[in-house]
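Chemist: Let me begin by handing over the structure; questions about it come next.
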Amino acid sequence: MDWKATYQDKIVSAAQAVKCVKSGDTVVLQQAAGTAMHLMDALTDRASELKDVKVIAHNIWETPRFLEPQYAGIFRHVSQFLDRGTRQAYREGRVDPLPAFYYQMPKYYREHPADVFFVMLTEPDEEGNCSYALNADYSVANMEAAKTVVAQINPSLPWTYGAKVSLDKLDYIVIQDQPLPELTKSETGGVEEQIAAHIVPFIQDGACLQLGIGGLPNAILNFLKDKKHLGIHSEVLSDGIIDLYESGAIDNSCKTLDKGKIVSNFLIGTKRLFDFADHNPDLLVVPVDYTNDPYVIAQNDNVISINSCLQVDLLGQVNADTIGGRQYSGCGGQIDFVRGAQMSKGGKSFITLPSTAKKGAVSRIIPHMETGTPVTTSRFDVQYICTEYGVVNLSGKTVSQRAEALIGIAHPDFREELRRQAVEEGLIW
């Protein structure tokens with residue numbers, strides 16, 4: 001087959017391609033830097049012709065036009081993870097959160113096929129295959145299940161290994177260069193460095209790491225420069241790993257699964273990360289039902305999972321995604337890795353948080369969750385909890401022992417009150 005002829009035959013303008021979307025359809029977008037905004041903007045231009053179009057994406061960085069107030073009733077957004085581009089629209093009632101384990105989302109899409117999938121891909125290689133570039137996550141499942149696939153071919157995307165797609169899977173091709181939004185590397189502060197200092201002694205040579213993004217992961221990575229043979233199996237990658245990879249501290253040689261490879265399902269970062277990923281044979285970008293399946297995670301030994309949260313109560317219940325009972329983000333892959341790490345031989349799971357919020361006015365360690373606050377990670381799942389005042393292992397601890405341990409890593413200004421309330425509620429005596 002002459003793939004170049006097939007490629008040319010499928011090329012249309014964005015305005016032509018999005019005519020496949022009808023009122024009442026479900027449209028799925030990729031997330032973060034991989035969102036095909038050019039296609040979604042073209043669909044938004046058709047707003048006067050449409051109504052009740054459901055748009056699903058996991059997180060969107062830049063506030064998209066389709067979420068502006070004038071499009072309410074035309075586009076209805078469903079999100080598994082709220083981010084800076086969607087929080088305001090959620091507060092105003094134009095975003096409907098979807099509670100779900102991240103690793104199970106491909107199954108969801110196979111069971112609830114989208115009418116249209118907007119995907120952003122690289123230019124084809126010499127064999128006529130495109131790379132998913134930044135986002136294999138739930139994209140592969142949608143490529144298989146969606147009734148219609150519209151691909152934006154973006155020359156700015158890096159080519160990554162792990163998942164690719166042939167042109168016969170694409171119904172329409174729109175060629176449009178789209179600059180990739182960057183997430184600047186977060187600066188680390190004193191609190192992050194103190195938390196990192198408590199966790200780093202648990203990370204031995206040869207450990208397999210899962211880290212998120214932000215100041216704390218960067219602080220931890222800064223402490224690991226003298227480590228050897230570290231591995232990475234994570235849901236997301238950011239710039240923080242590059243220095244350790246280039247120094248040789250990360251070589252993935254001790255991994256029992258995907259030996260020698262960094263594994264992730266999507267990338268967030270700066271141009272440095274995108275350049276690092278481009279045609280890098282040591283990096284695999286693969287679907288989330290592989291990276292985040294606890295049974296897959298557990299196949300690597302010595303997995304160290306590090307995630308953050310907003311609150312922990314004295315039972316060990318974790319709130320990582322709501323503020324005042326209202327959605328703020330989502331569970332992401334926290335629970336997937338909390339469970340997978342503890343199933344791993346020698347593995348450990350850490351949930352981290354600063355001890356206070358609002359410039360020290362409020363304790364993040366609380367007696368109990370307020371009514372209406374959903375629990376993200378249950379007290380049965382948690383293992384290590386860490387603040388700048390220390391780290392405690394809750395596994396095997398009774399209710400009273402947990403309360404005592406958590407009070408011990410709360411901010412000193414709140415310990416007496418926490419103890420009083422714990423006694424009052426019968427947690428300790």
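Every chain in the structure tokens has a letter given in the order shown (A, B, ...), and although residue numbers restart at 1 in each chain, ligands are simply numbered from 1 in the order shown.
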Excluding range 327-342 of chain A and residues on its chain fewer than 2 positions from it, collect all residues at most 7 Å away from it, counting only C-alpha atoms, and give them as a ChimeraX atom specification.

Modeler: /A:80-83,87,101-102,235,292-295,297-298,303-305,307,320-323,325,344,347-349,376-377,381

Chemist: Excluding Glu417 in chain A and residues on its chain fewer than 6 positions from it, collect all residues at most 12 Å away from it, counting only C-alpha atoms, and give them as a VMD selection string.

Modeler: chain A and resid 362 to 363 365 to 367 407 410 to 411 423 to 424

Chemist: Using only C-alpha atoms, please write the residues we just selected to a file, as an mmCIF file, in the first residue's frame.

Modeler:
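Result written to out16.cif:
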```cif
data_model
loop_
_atom_site.group_PDB
_atom_site.id
_atom_site.type_symbol
_atom_site.label_atom_id
_atom_site.label_comp_id
_atom_site.auth_asym_id
_atom_site.auth_seq_id
_atom_site.Cartn_x
_atom_site.Cartn_y
_atom_site.Cartn_z
ATOM 1 C CA VAL A 362 -4.935 26.062 59.182
ATOM 2 C CA SER A 363 -3.707 22.554 59.962
ATOM 3 C CA ILE A 365 -3.829 17.227 59.577
ATOM 4 C CA ILE A 366 -7.371 17.310 60.951
ATOM 5 C CA PRO A 367 -9.352 15.336 63.539
ATOM 6 C CA ILE A 407 -0.359 14.341 65.731
ATOM 7 C CA ALA A 410 1.392 17.930 62.586
ATOM 8 C CA HIS A 411 2.563 21.515 62.987
ATOM 9 C CA VAL A 423 -9.602 12.413 73.066
ATOM 10 C CA GLU A 424 -13.030 14.022 72.709
#
```

Chemist: Between A:Ser308, A:Leu427, A:Phe350, A:Gly372, which residue has the minimum interatomic distance to Tyr384 in chain A, considering only C-alpha atoms?

Modeler: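 Nearest candidate to Tyr384 in chain A out of A:Ser308, A:Leu427, A:Phe350, A:Gly372: A:Phe350.
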
Chemist: I'd like to know which of A:Ser355, A:Gln383, A:Asn218, A:Thr398 is closest to Arg415 in chain A, using only C-alpha atoms.

Modeler: A:Ser355

Chemist: Fewer than 2 positions away in the same chain doesn't count, so skip those; otherwise give me all residues within 7 Å of Gly231 in chain A, counting only C-alpha atoms, as a PyMOL selection string.

Modeler: chain A and resi 206-209+229+233+250-252+254-255+262

Chemist: Please produce a file of the residues just selected, as an mmCIF file, in the first residue's frame, where the atoms kept are N, CA, C and O atoms.

Modeler:
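Result saved to out_33.cif:
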```cif
data_model
loop_
_atom_site.group_PDB
_atom_site.id
_atom_site.type_symbol
_atom_site.label_atom_id
_atom_site.label_comp_id
_atom_site.auth_asym_id
_atom_site.auth_seq_id
_atom_site.Cartn_x
_atom_site.Cartn_y
_atom_site.Cartn_z
ATOM 1 N N GLY A 206 18.815 1.296 43.029
ATOM 2 C CA GLY A 206 18.031 0.292 42.322
ATOM 3 C C GLY A 206 16.536 0.431 42.491
ATOM 4 O O GLY A 206 15.772 -0.358 41.923
ATOM 5 N N ALA A 207 16.072 1.429 43.258
ATOM 6 C CA ALA A 207 14.628 1.615 43.451
ATOM 7 C C ALA A 207 13.967 2.041 42.146
ATOM 8 O O ALA A 207 14.593 2.636 41.265
ATOM 9 N N CYS A 208 12.682 1.727 42.024
ATOM 10 C CA CYS A 208 11.877 2.123 40.862
ATOM 11 C C CYS A 208 10.897 3.192 41.320
ATOM 12 O O CYS A 208 10.073 2.948 42.204
ATOM 13 N N LEU A 209 10.963 4.387 40.728
ATOM 14 C CA LEU A 209 10.252 5.558 41.250
ATOM 15 C C LEU A 209 9.005 5.916 40.453
ATOM 16 O O LEU A 209 8.980 5.827 39.223
ATOM 17 N N HIS A 229 21.498 3.305 39.646
ATOM 18 C CA HIS A 229 20.616 2.310 39.026
ATOM 19 C C HIS A 229 19.142 2.527 39.363
ATOM 20 O O HIS A 229 18.386 1.567 39.529
ATOM 21 N N HIS A 233 9.010 4.174 36.605
ATOM 22 C CA HIS A 233 7.737 3.651 36.072
ATOM 23 C C HIS A 233 6.675 4.560 36.669
ATOM 24 O O HIS A 233 6.365 4.475 37.849
ATOM 25 N N ILE A 250 19.779 7.455 36.848
ATOM 26 C CA ILE A 250 18.651 6.696 36.313
ATOM 27 C C ILE A 250 19.140 5.912 35.106
ATOM 28 O O ILE A 250 19.509 6.498 34.087
ATOM 29 N N ASP A 251 19.183 4.586 35.229
ATOM 30 C CA ASP A 251 19.521 3.758 34.074
ATOM 31 C C ASP A 251 18.557 2.579 33.903
ATOM 32 O O ASP A 251 18.671 1.813 32.945
ATOM 33 N N ASN A 252 17.618 2.440 34.859
ATOM 34 C CA ASN A 252 16.572 1.421 34.770
ATOM 35 C C ASN A 252 17.098 -0.008 34.694
ATOM 36 O O ASN A 252 16.379 -0.919 34.286
ATOM 37 N N CYS A 254 17.864 -2.101 37.076
ATOM 38 C CA CYS A 254 17.385 -3.033 38.107
ATOM 39 C C CYS A 254 15.896 -3.324 37.991
ATOM 40 O O CYS A 254 15.347 -4.076 38.812
ATOM 41 N N LYS A 255 15.245 -2.742 37.015
ATOM 42 C CA LYS A 255 13.823 -3.011 36.857
ATOM 43 C C LYS A 255 13.608 -4.463 36.437
ATOM 44 O O LYS A 255 14.384 -5.004 35.636
ATOM 45 N N ILE A 262 12.618 3.935 30.704
ATOM 46 C CA ILE A 262 11.740 4.826 31.458
ATOM 47 C C ILE A 262 10.338 4.637 30.897
ATOM 48 O O ILE A 262 10.145 4.652 29.680
#
```

Chemist: Nearest to Ile56 in chain A: which of A:Phe274, A:Phe118, A:Phe414, A:Trp429 is it, counting only C-alpha atoms?

Modeler: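 Of A:Phe274, A:Phe118, A:Phe414, A:Trp429, the one nearest Ile56 in chain A is A:Phe118, counting only C-alpha atoms.
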
Chemist: Between CA of Gly85 in chain A and CA of Ile175 in chain A, what is the distance in Å, rounded to a tenth?

Modeler: 24.8 Å

Chemist: Mind giving me the straight-line distance from CA of Ser238 in chain A to CA of Ala196 in chain A in Å, one decimal?

Modeler: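 Distance reported for this atom pair: 17.3 Å.
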
Chemist: DSSP on the backbone: what in range 47-255 of chain A comes out helix (DSSP H, G or I), as a ChimeraX atom specification?

Modeler: /A:47-49,65-67,69-71,87-91,102-111,139-145,167-169,190-202,215-222,239-247

Chemist: Taking only C-alpha atoms into account, name the residue in A:Lys397, A:His58, A:Lys107, A:Arg364 that is nearest to Arg379 in chain A.

Modeler: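 Ranked by minimum distance to Arg379 in chain A, first place goes to A:Lys397.
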
Chemist: Which residue out of A:Leu406, A:Met343, A:Ala146, A:Ile153 has the minimum interatomic distance to Pro106 in chain A when only C-alpha atoms are used?

Modeler: A:Ala146

Chemist: Nearest residue to Glu144 in chain A out of A:Asp177, A:Asp168, A:Glu187, A:Glu68, using only C-alpha atoms?

Modeler: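 Of the candidates, the smallest distance to Glu144 in chain A is held by A:Asp168.
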